[in-house]
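Chemist: Sharing a structure here in structure tokens format.
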Amino acid sequence: MNQKARFLQVIDVYKSYSGKVVLDNIDLQVKKGEFCTVVGPSGCGKSTLLRLIVGAEKPTEGEVLLDQVSVGPPDIQRGIVFQRYSLFPHLTVLANTSLGLRLGGRPGSERMSSQEIKDESMDILEKIRLAEHADKYPHQLSGGMQQRVAIGQSMIMKPKILLMDEPFGALDPDTREDMQLFLIELWEQEKMTIFFVTHDLEEAAFLGTRMLVLSQYYSDGRGNGKGINRGAKIISDHPLPRMASNTSGKQSREFTRLITQIRKEGFDPDYLQHAHEFNLLHPDSFQTLTEDESRI
Amino acid sequence: MNKKSKYPKLLGIHARPGPVLSILLAALPFVILLGIYLVSAEIRHRDNPADKLLPKISKMTSAVKHMAFEKNRRSESYLMLDDTLASMKRLLIGSGLAAVAALLIGLNIGLFPGVNVTLNPFLTFVSMIPPLSILPILFISFGVDELAKIVLIFIGIFPIITRDIRLAVGKIPREQITKAATLGASQMQLAYRIILPQIMPRLIEALRLSLGAAWLFLIAGEAIASDGGLGYRIFLVRRYLAMDVILPYVLWITFIGFTMDFLLRQALRFFYPWYVAGEDK
Ligand SMILES: Nc1ncnc2c1ncn2[C@@H]1O[C@H](COP(=O)(O)OP(=O)(O)OP(=O)(O)O)[C@@H](O)[C@H]1O
Ligand SMILES: [Mg+2]
């Protein structure tokens with residue numbers, strides 16, 4: 001385990017809701033600057049994992065660390081973009097974008113004048129191509145435009161890590177592709193760490209430098225009977241080559257092969273790998289199984 | 001282009017009444033009511049020309065002229081204006097205070113779990129007390145003048161508005177609270193800069209719905225102990241069976257209530273366009 005990998009750490013994390021285990025002994029570490037994508041069947045707990053990292057919820061057991069420090073309730077170090085509800089309906093596009101700077105500013109930076117705040121916010125709006133809509137309210141924008149504002153709103157704070165929960169889920173294919181390219185561009189410029197949840201395998205493989213599969217379809221030493229209260233684990237973890245910033249890479253054979261493999265590993269309820277056989281290929285990947293789980 | 005519409009004008013779920021028809025239909029119940037009144041008044045006056053129960057329109061207009069446009073000899077002022085001002089003052093102070101208190105307390109109950117567990121059961125309990133049943137207590141403890149009536153209006157509508165605000169805060173998606181925190185909002189900023197402006201329109205809506213109740217408590221309070229006010233006058237002249245005063249007063253109160261509701265609705269549209277658009281969706 002190298003030191004650099006310890007930027008985001010999730011250690012032996014369990015999460016259950018009224019007794020039902022959703023996340024089952026999750027181990028994960030992500031290094032700074034990684035674009036980490038997460039896929040998995042619907043309802044497996046992707047959003048739950050994200051809520052634990054942002055601190056909106058507490059793990060039932062285990063620990064989440066950011067920069068070696070245990071995380072508390074949501075704060076300015078972690079930015080988040082949800083699929084919906086990220087924007088404040090009573091604020092204009094400009095006011096939404098500048099909100100973080102107006103509330104208290106970036107940590108450690110000097111107080112900005114309102115002109116500076118406006119200039120910087122307009123720069124961001126320029127970047128996300130919404131400058132001419134600065135004075136509109138969110139309800140006057142299309143879904144894609146709203147998501148761009150939500151991203152700009154988080155970006156302006158330059159968080160250590162940007163968490164995104166299916167941010168492009170509601171967009172049409174063209175807008176979606178635009179937004180993907182836009183996000184990669186931002187990521188390269190700002191050298192952020194991104195944690196990106198999606199249910200679209202192509203999107204995950206295209207965007208990420210690393211791809212995690214979270215799934216409840218696996219087996220382990222606890223057996224396979226009905227009474228087993230089993231939650232999702234990270235069942236495969238792939239390093240991805242960074243493709244050129246265009247979409248042509250999506251047709252390569254390598255790419256399609258990976259997607260086919262992941263579809264089988266993670267999404268086929270009848271294809272159950274034992275916890276020992278998970279494809280944890282990424283160098284930062286690790287897994288600690290309990291005695292029960294590791295029985296063959 | 002004289003194609004016959006497949007949509008019925010009036011009957012059934014798919015009816016599309018046009019604008020003219022809509023206005024005519026809306027006027028219909030009023031016209032019927034007025035007609036019934038005029039006919040009944042006519043019949044009663046034929047039996048007894050001095051009938052007081054259903055006064056003729058001419059009797060009412062002269063009563064209004066007397067109350068509203070002629071100076072009262074004893075007080076040297078216009079009675080209906082005095083009554084209106086006295087009632088409006090009580091109503092506006094009582095419901096204004098209730099709105100402000102409900103906003104602040106509902107916001108804090110809705111947002112902070114600690115405040116919620118402390119105050120919510122108590123609030124639920126208090127809101128079950130029938131306000132009129134404690135009217136004697138109010139008169140005993142606050143005297144028979146303004147304060148008791150204002151407190152009655154306050155107690156009458158404050159719990160329900162608070163509960164509505166609390167629900168509105170609870171309905172704000174959890175995601176927004178998380179998001180605000182990640183943008184560096186302190187808890188106070190979250191409460192007063194993010195949440196409060198979003199529930200202001202709900203406050204206006206709740207107030208609109210509570211105004212009817214506020215009038216009820218106002219008039220009840222004035223009826224029992226007062227020396228002026230719209231409710232006071234109605235109950236005073238009741239002793240002389242002065243329907244020619246009571247009926248115009250009731251219409252006047254209704255008109256004021258309608259106007260207040262209208263103004264609040266316009267304020268909602270003007271100040272919170274994003275809310276109105278969201279509700280329409
Ligand atoms: N607050 C909650 N209370 C009870 N159960 C919950 C709660 N939140 C999530 N769950 C349960 O946890 C499981 C995982 O939910 P989660 O939203 O994390 O899934 P997901 O992987 O994000 O799904 P999707 O792809 O549909 O967004 C689901 O079975 C859900 O019913
Ligand atoms: Mg989800």
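Residues are named by chain letter and number: chains run A, B, ... in the order of the structure tokens, numbers start at 1 in each chain, and ligands are numbered from 1 in the order shown.
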Using only C-alpha atoms, which residues of chain A come within 7 Å of chain B, and what is the closest atom pair for each, with the distance in Å to one decimal? Give it as a Markdown table, sorted by chain and residue number.
Modeler:
| residue | atom | partner | partner_atom | distance |
| --- | --- | --- | --- | --- |
| A:Ala56 | CA | B:Thr178 | CA | 6.3 |
| A:Pro74 | CA | B:Ala181 | CA | 5.5 |
| A:Asp75 | CA | B:Thr182 | CA | 4.4 |
| A:Ile76 | CA | B:Thr182 | CA | 4.4 |
| A:Gln77 | CA | B:Thr182 | CA | 6.9 |
| A:Arg78 | CA | B:Thr182 | CA | 5.9 |
| A:Gly79 | CA | B:Thr182 | CA | 5.5 |
| A:Ile80 | CA | B:Lys179 | CA | 6.5 |
| A:Tyr85 | CA | B:Gln176 | CA | 6.3 |
| A:Ser86 | CA | B:Gln176 | CA | 6.0 |
| A:Pro89 | CA | B:Trp274 | CA | 6.6 |
| A:His90 | CA | B:Trp274 | CA | 6.2 |
| A:Gly100 | CA | B:Leu183 | CA | 4.5 |
| A:Leu103 | CA | B:Ala185 | CA | 5.8 |
| A:Gly104 | CA | B:Gly184 | CA | 6.3 |
| A:Tyr137 | CA | B:Trp274 | CA | 6.7 |
| A:His139 | CA | B:Trp274 | CA | 6.9 |
| A:Met157 | CA | B:Leu183 | CA | 7.0 |
Chemist: Those residues you just picked out, can you put them in a file as a short mmCIF file (atom, residue, chain, number, x, y, z; two decimals), in the first residue's frame with all heavy atoms?
Modeler:
data_model
loop_
_atom_site.label_atom_id
_atom_site.label_comp_id
_atom_site.auth_asym_id
_atom_site.auth_seq_id
_atom_site.Cartn_x
_atom_site.Cartn_y
_atom_site.Cartn_z
N ALA A 56 -23.02 12.71 4.77
CA ALA A 56 -24.44 12.93 5.03
C ALA A 56 -24.99 11.82 5.91
O ALA A 56 -26.00 11.99 6.58
CB ALA A 56 -25.21 13.00 3.72
N PRO A 74 -20.98 16.76 6.27
CA PRO A 74 -20.51 17.39 5.03
C PRO A 74 -19.81 18.71 5.30
O PRO A 74 -20.24 19.49 6.15
CB PRO A 74 -21.81 17.64 4.26
CG PRO A 74 -22.78 16.68 4.81
CD PRO A 74 -22.40 16.43 6.22
N ASP A 75 -18.72 18.96 4.60
CA ASP A 75 -18.03 20.23 4.75
C ASP A 75 -17.43 20.66 3.43
O ASP A 75 -17.56 19.99 2.40
CB ASP A 75 -16.99 20.17 5.87
CG ASP A 75 -15.88 19.18 5.52
OD1 ASP A 75 -15.71 18.86 4.33
OD2 ASP A 75 -15.20 18.73 6.46
N ILE A 76 -16.71 21.74 3.49
CA ILE A 76 -16.23 22.44 2.31
C ILE A 76 -15.14 21.67 1.55
O ILE A 76 -14.83 21.97 0.40
CB ILE A 76 -15.74 23.83 2.77
CG1 ILE A 76 -15.79 24.81 1.62
CG2 ILE A 76 -14.36 23.75 3.38
CD1 ILE A 76 -15.84 26.23 2.12
N GLN A 77 -14.55 20.64 2.20
CA GLN A 77 -13.49 19.89 1.52
C GLN A 77 -14.03 18.95 0.46
O GLN A 77 -13.31 18.53 -0.42
CB GLN A 77 -12.72 19.06 2.54
CG GLN A 77 -12.08 19.90 3.60
CD GLN A 77 -11.09 19.09 4.40
OE1 GLN A 77 -11.28 17.89 4.59
NE2 GLN A 77 -10.05 19.74 4.83
N ARG A 78 -15.30 18.58 0.62
CA ARG A 78 -15.87 17.60 -0.29
C ARG A 78 -17.02 18.24 -1.06
O ARG A 78 -17.99 18.69 -0.46
CB ARG A 78 -16.40 16.40 0.50
CG ARG A 78 -15.32 15.56 1.13
CD ARG A 78 -15.85 14.75 2.29
NE ARG A 78 -16.10 15.58 3.47
CZ ARG A 78 -16.75 15.15 4.55
NH1 ARG A 78 -17.24 13.94 4.58
NH2 ARG A 78 -16.92 15.95 5.57
N GLY A 79 -16.89 18.28 -2.37
CA GLY A 79 -17.97 18.82 -3.19
C GLY A 79 -18.88 17.69 -3.64
O GLY A 79 -18.45 16.54 -3.72
N ILE A 80 -20.13 18.01 -3.91
CA ILE A 80 -21.02 16.94 -4.36
C ILE A 80 -22.00 17.45 -5.42
O ILE A 80 -22.45 18.59 -5.37
CB ILE A 80 -21.77 16.29 -3.18
CG1 ILE A 80 -22.43 14.98 -3.63
CG2 ILE A 80 -22.78 17.24 -2.58
CD1 ILE A 80 -22.72 14.01 -2.53
N TYR A 85 -31.89 18.05 -7.42
CA TYR A 85 -31.94 18.86 -6.19
C TYR A 85 -30.63 19.50 -5.81
O TYR A 85 -30.44 19.88 -4.67
CB TYR A 85 -32.39 18.01 -4.99
CG TYR A 85 -33.67 17.27 -5.17
CD1 TYR A 85 -33.74 15.91 -4.96
CD2 TYR A 85 -34.82 17.96 -5.54
CE1 TYR A 85 -34.92 15.23 -5.12
CE2 TYR A 85 -36.01 17.29 -5.69
CZ TYR A 85 -36.05 15.92 -5.49
OH TYR A 85 -37.23 15.25 -5.64
N SER A 86 -29.67 19.60 -6.74
CA SER A 86 -28.40 20.20 -6.35
C SER A 86 -28.50 21.72 -6.33
O SER A 86 -27.72 22.37 -5.66
CB SER A 86 -27.30 19.78 -7.32
OG SER A 86 -26.74 18.56 -6.91
N PRO A 89 -33.59 26.50 -5.65
CA PRO A 89 -34.59 27.03 -6.57
C PRO A 89 -34.81 28.53 -6.44
O PRO A 89 -35.25 29.17 -7.40
CB PRO A 89 -35.86 26.26 -6.19
CG PRO A 89 -35.63 25.75 -4.81
CD PRO A 89 -34.15 25.53 -4.70
N HIS A 90 -34.47 29.10 -5.27
CA HIS A 90 -34.76 30.52 -5.07
C HIS A 90 -33.61 31.41 -5.50
O HIS A 90 -33.70 32.62 -5.34
CB HIS A 90 -35.10 30.77 -3.60
CG HIS A 90 -33.94 30.53 -2.67
ND1 HIS A 90 -33.36 29.30 -2.52
CD2 HIS A 90 -33.25 31.37 -1.87
CE1 HIS A 90 -32.37 29.38 -1.64
NE2 HIS A 90 -32.29 30.62 -1.24
N GLY A 100 -21.11 29.52 -2.78
CA GLY A 100 -20.03 29.10 -1.88
C GLY A 100 -19.09 30.25 -1.55
O GLY A 100 -18.70 30.44 -0.39
N LEU A 103 -20.88 32.64 0.81
CA LEU A 103 -21.14 32.16 2.17
C LEU A 103 -19.91 32.30 3.07
O LEU A 103 -20.03 32.65 4.23
CB LEU A 103 -21.58 30.70 2.13
CG LEU A 103 -22.99 30.45 1.64
CD1 LEU A 103 -23.25 28.96 1.45
CD2 LEU A 103 -24.01 31.04 2.60
N GLY A 104 -18.74 32.00 2.55
CA GLY A 104 -17.58 32.07 3.44
C GLY A 104 -16.27 31.97 2.66
O GLY A 104 -15.19 32.19 3.19
N TYR A 137 -33.65 31.61 -13.31
CA TYR A 137 -33.80 30.69 -12.19
C TYR A 137 -33.68 29.26 -12.69
O TYR A 137 -33.96 28.99 -13.87
CB TYR A 137 -35.15 30.89 -11.52
CG TYR A 137 -35.23 32.15 -10.67
CD1 TYR A 137 -35.79 33.32 -11.18
CD2 TYR A 137 -34.70 32.16 -9.39
CE1 TYR A 137 -35.83 34.47 -10.42
CE2 TYR A 137 -34.74 33.30 -8.62
CZ TYR A 137 -35.31 34.45 -9.13
OH TYR A 137 -35.34 35.58 -8.37
N HIS A 139 -35.56 26.74 -12.59
CA HIS A 139 -36.70 26.13 -13.27
C HIS A 139 -36.83 26.59 -14.72
O HIS A 139 -37.59 26.02 -15.48
CB HIS A 139 -38.00 26.41 -12.50
CG HIS A 139 -38.50 27.82 -12.63
ND1 HIS A 139 -38.25 28.79 -11.70
CD2 HIS A 139 -39.24 28.41 -13.60
CE1 HIS A 139 -38.80 29.92 -12.09
NE2 HIS A 139 -39.41 29.73 -13.22
N MET A 157 -15.54 26.01 -5.65
CA MET A 157 -14.93 25.88 -4.33
C MET A 157 -13.63 25.08 -4.36
O MET A 157 -12.98 24.91 -3.33
CB MET A 157 -15.92 25.20 -3.36
CG MET A 157 -17.21 25.95 -3.16
SD MET A 157 -16.96 27.68 -2.79
CE MET A 157 -16.43 27.56 -1.09
#
Chemist: Can you tell me which residues sit at most 12 Å away from ligand 2, counting only C-alpha atoms and all ligand atoms, written as a list in words?
Modeler: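 I would give the residues around ligand 2 as Val38, Val39, Gly40, Pro41, Ser42, Gly43, Cys44, Gly45, Lys46, Ser47, Thr48, Leu49, Leu50, Arg51, Phe82, Gln83, Arg84, Met164, Asp165, Glu166, Pro167, Gly169, Phe196, Val197, Thr198, His199 and Leu214 of chain A.
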Chemist: Counting only C-alpha atoms, what is within 12 Å of Pro130 in chain B, bar same-chain residues fewer than 2 positions away, as a ChimeraX atom specification?
Modeler: /B:125-128,132-135,152,155-157,159,213,217
Chemist: Write the selection just made, keeping N, CA, C and O atoms, as an mmCIF file, in the first residue's frame?
Modeler:
data_model
loop_
_atom_site.group_PDB
_atom_site.id
_atom_site.type_symbol
_atom_site.label_atom_id
_atom_site.label_comp_id
_atom_site.auth_asym_id
_atom_site.auth_seq_id
_atom_site.Cartn_x
_atom_site.Cartn_y
_atom_site.Cartn_z
ATOM 1 N N PHE B 125 -49.411 19.092 21.079
ATOM 2 C CA PHE B 125 -50.365 19.143 22.179
ATOM 3 C C PHE B 125 -51.105 20.482 22.193
ATOM 4 O O PHE B 125 -52.337 20.541 22.223
ATOM 5 N N VAL B 126 -50.341 21.566 22.132
ATOM 6 C CA VAL B 126 -50.939 22.902 22.187
ATOM 7 C C VAL B 126 -51.914 23.116 21.034
ATOM 8 O O VAL B 126 -52.973 23.731 21.202
ATOM 9 N N SER B 127 -51.566 22.573 19.874
ATOM 10 C CA SER B 127 -52.424 22.827 18.717
ATOM 11 C C SER B 127 -53.766 22.119 18.846
ATOM 12 O O SER B 127 -54.686 22.392 18.086
ATOM 13 N N MET B 128 -53.869 21.194 19.805
ATOM 14 C CA MET B 128 -55.137 20.497 20.001
ATOM 15 C C MET B 128 -56.082 21.268 20.936
ATOM 16 O O MET B 128 -57.251 20.931 21.052
ATOM 17 N N LEU B 132 -60.973 28.823 21.506
ATOM 18 C CA LEU B 132 -62.095 29.549 22.113
ATOM 19 C C LEU B 132 -62.340 29.103 23.545
ATOM 20 O O LEU B 132 -62.854 29.865 24.358
ATOM 21 N N SER B 133 -61.931 27.855 23.849
ATOM 22 C CA SER B 133 -62.171 27.373 25.211
ATOM 23 C C SER B 133 -61.292 28.090 26.224
ATOM 24 O O SER B 133 -61.590 28.093 27.410
ATOM 25 N N ILE B 134 -60.194 28.680 25.764
ATOM 26 C CA ILE B 134 -59.367 29.395 26.738
ATOM 27 C C ILE B 134 -59.612 30.897 26.684
ATOM 28 O O ILE B 134 -58.919 31.676 27.318
ATOM 29 N N LEU B 135 -60.645 31.284 25.919
ATOM 30 C CA LEU B 135 -60.949 32.708 25.821
ATOM 31 C C LEU B 135 -61.178 33.351 27.193
ATOM 32 O O LEU B 135 -60.630 34.422 27.482
ATOM 33 N N LEU B 152 -55.594 35.971 21.430
ATOM 34 C CA LEU B 152 -56.502 34.926 20.951
ATOM 35 C C LEU B 152 -56.227 34.597 19.484
ATOM 36 O O LEU B 152 -56.139 33.427 19.101
ATOM 37 N N ILE B 155 -52.862 32.704 19.332
ATOM 38 C CA ILE B 155 -52.951 31.304 19.767
ATOM 39 C C ILE B 155 -53.791 30.488 18.796
ATOM 40 O O ILE B 155 -53.551 29.312 18.572
ATOM 41 N N GLY B 156 -54.771 31.146 18.202
ATOM 42 C CA GLY B 156 -55.644 30.430 17.278
ATOM 43 C C GLY B 156 -54.944 29.960 16.026
ATOM 44 O O GLY B 156 -55.243 28.873 15.530
ATOM 45 N N ILE B 157 -54.027 30.744 15.479
ATOM 46 C CA ILE B 157 -53.463 30.342 14.186
ATOM 47 C C ILE B 157 -51.981 29.982 14.230
ATOM 48 O O ILE B 157 -51.470 29.358 13.311
ATOM 49 N N PRO B 159 -50.182 27.681 16.013
ATOM 50 C CA PRO B 159 -49.756 26.275 15.953
ATOM 51 C C PRO B 159 -49.875 25.689 14.546
ATOM 52 O O PRO B 159 -48.980 24.990 14.084
ATOM 53 N N ALA B 213 -59.613 31.571 9.854
ATOM 54 C CA ALA B 213 -59.624 31.279 11.288
ATOM 55 C C ALA B 213 -59.325 32.537 12.089
ATOM 56 O O ALA B 213 -59.935 32.781 13.132
ATOM 57 N N PHE B 217 -61.595 34.113 15.204
ATOM 58 C CA PHE B 217 -61.188 34.421 16.577
ATOM 59 C C PHE B 217 -61.339 35.911 16.871
ATOM 60 O O PHE B 217 -61.707 36.296 17.973
#
Chemist: List the spatial neighbours of Asp292 in chain A as a list in words - criterion: any atom at most 10 Å away, only C-alpha atoms, same-chain residues fewer than 4 positions off excluded.
Modeler: Asp220, Gly221, Arg222, Gly223 and Ile296 of chain A
Chemist: Can I get the selection written as a PDB file, in the first residue's frame, with C-alpha atoms?
Modeler:
ATOM      1  CA  ASP A 220     -18.405 -16.143   0.133  1.00  0.00           C
ATOM      2  CA  GLY A 221     -17.846 -18.368   3.144  1.00  0.00           C
ATOM      3  CA  ARG A 222     -21.204 -17.434   4.632  1.00  0.00           C
ATOM      4  CA  GLY A 223     -22.977 -19.669   2.127  1.00  0.00           C
ATOM      5  CA  ILE A 296     -14.017 -21.574   0.901  1.00  0.00           C
TER       6      ILE A 296
END
Chemist: Near Lys191 in chain A, within 9 Å and counting only C-alpha atoms, which residues show up once chain neighbours fewer than 6 positions away are dropped, as a list in words?
Modeler: Lys32, Gly33 and Glu34 of chain A
Chemist: Nearest to ligand 1: which of A:Val213, A:Ala205, A:Ala134, A:Ile262 is it, counting only C-alpha atoms and all ligand atoms?
Modeler: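 Residue with the minimum atom-to-atom distance to ligand 1: A:Val213.
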Chemist: Looking at only C-alpha atoms, which of B:Leu268, B:Leu85, B:Leu79, B:Val276 is the one that sits closest to Leu207 in chain B?
Modeler: B:Leu268
Chemist: What lies within 12 Å of Ser226 in chain B using only C-alpha atoms, ignoring chain neighbours under 2 positions off, as a PyMOL selection string?
Modeler: chain B and resi 83+86-87+90+139+143-149+218-224+228-236
Chemist: Rank nothing, just name the residue among A:Gly55, A:Gly19, A:Gly72, A:Pro173 nearest to ligand 1, using only C-alpha atoms and all ligand atoms.
Modeler: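 Residue with the minimum atom-to-atom distance to ligand 1: A:Gly19.
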Chemist: Which of these residues is nearest to ligand 1, using only C-alpha atoms and all ligand atoms: A:Leu240, A:Ile11, A:Leu52, A:Met192?
Modeler: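 For ligand 1, the nearest of the candidates is A:Leu52.
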Chemist: In Å to one decimal, how far is CA of Met179 in chain A from CA of Glu132 in chain A?
Modeler: 18.1 Å
Chemist: Set out as a Markdown table a contact list for range 126-223 of chain B and range 104-115 of chain B with a cut-off of 10 Å, giving each residue of range 126-223 of chain B that qualifies its closest atom pair and distance in Å to one decimal, counting only C-alpha atoms, ordered by chain and rising residue number.
Modeler:
| residue | atom | partner | partner_atom | distance |
| --- | --- | --- | --- | --- |
| B:Phe158 | CA | B:Gly106 | CA | 10.0 |
| B:Pro159 | CA | B:Gly106 | CA | 9.2 |
| B:Ile160 | CA | B:Gly106 | CA | 10.0 |
| B:Ile161 | CA | B:Gly106 | CA | 8.0 |
| B:Thr162 | CA | B:Gly106 | CA | 4.7 |
| B:Arg163 | CA | B:Gly106 | CA | 6.4 |
| B:Asp164 | CA | B:Gly106 | CA | 7.7 |
| B:Ile165 | CA | B:Gly106 | CA | 5.1 |
| B:Arg166 | CA | B:Gly110 | CA | 4.6 |
| B:Leu167 | CA | B:Gly110 | CA | 7.0 |
| B:Ala168 | CA | B:Gly110 | CA | 8.0 |
| B:Val169 | CA | B:Gly110 | CA | 5.3 |
| B:Gly170 | CA | B:Gly110 | CA | 5.7 |
| B:Lys171 | CA | B:Gly110 | CA | 9.3 |
| B:Ile172 | CA | B:Gly110 | CA | 9.8 |
| B:Ile177 | CA | B:Leu111 | CA | 9.5 |
| B:Gln187 | CA | B:Phe112 | CA | 9.4 |
| B:Leu190 | CA | B:Leu111 | CA | 9.4 |
| B:Ala191 | CA | B:Leu107 | CA | 7.4 |
| B:Tyr192 | CA | B:Leu107 | CA | 8.9 |
| B:Ile195 | CA | B:Leu107 | CA | 8.0 |
| B:Leu196 | CA | B:Leu107 | CA | 7.2 |
| B:Ile199 | CA | B:Leu107 | CA | 8.5 |
Chemist: Just the helix (DSSP H, G or I) stuff from range 47-290 of chain A, please, per backbone DSSP, written as a VMD selection string.
Modeler: chain A and resid 47 to 54 93 to 103 114 to 127 131 to 133 138 to 140 143 to 155 173 to 190 201 to 207 248 to 251 253 to 267 275 to 277
Chemist: In Å, with one decimal, what is the gap from CA of Tyr218 in chain A to CA of His274 in chain A?
Modeler: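 Answer for the CA of Tyr218 in chain A to CA of His274 in chain A separation: 6.0 Å.
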Chemist: I want to know what sits within 12 Å of Leu92 in chain B, based on only C-alpha atoms, with residues of the same chain fewer than 2 positions away left out; could you give that as a count of residues only?
Modeler: 26
Chemist: Hey, which of A:Pro138, A:Pro159, A:Gly231, A:Pro107 ends up closest to ligand 1? Count only C-alpha atoms and all ligand atoms.
Modeler: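 Of A:Pro138, A:Pro159, A:Gly231, A:Pro107, the one nearest ligand 1, counting only C-alpha atoms and all ligand atoms, is A:Gly231.
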Chemist: Smallest atom-to-atom distance to Lys56 in chain B: which of B:Leu209, B:Val245, B:Leu264, B:Leu81, using only C-alpha atoms?
Modeler: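 Smallest distance to Lys56 in chain B is found for B:Val245.
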Chemist: So what do you get for CA of His282 in chain A versus CA of Pro239 in chain A, distance-wise?
Modeler: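 It comes out at 5.1 Å.
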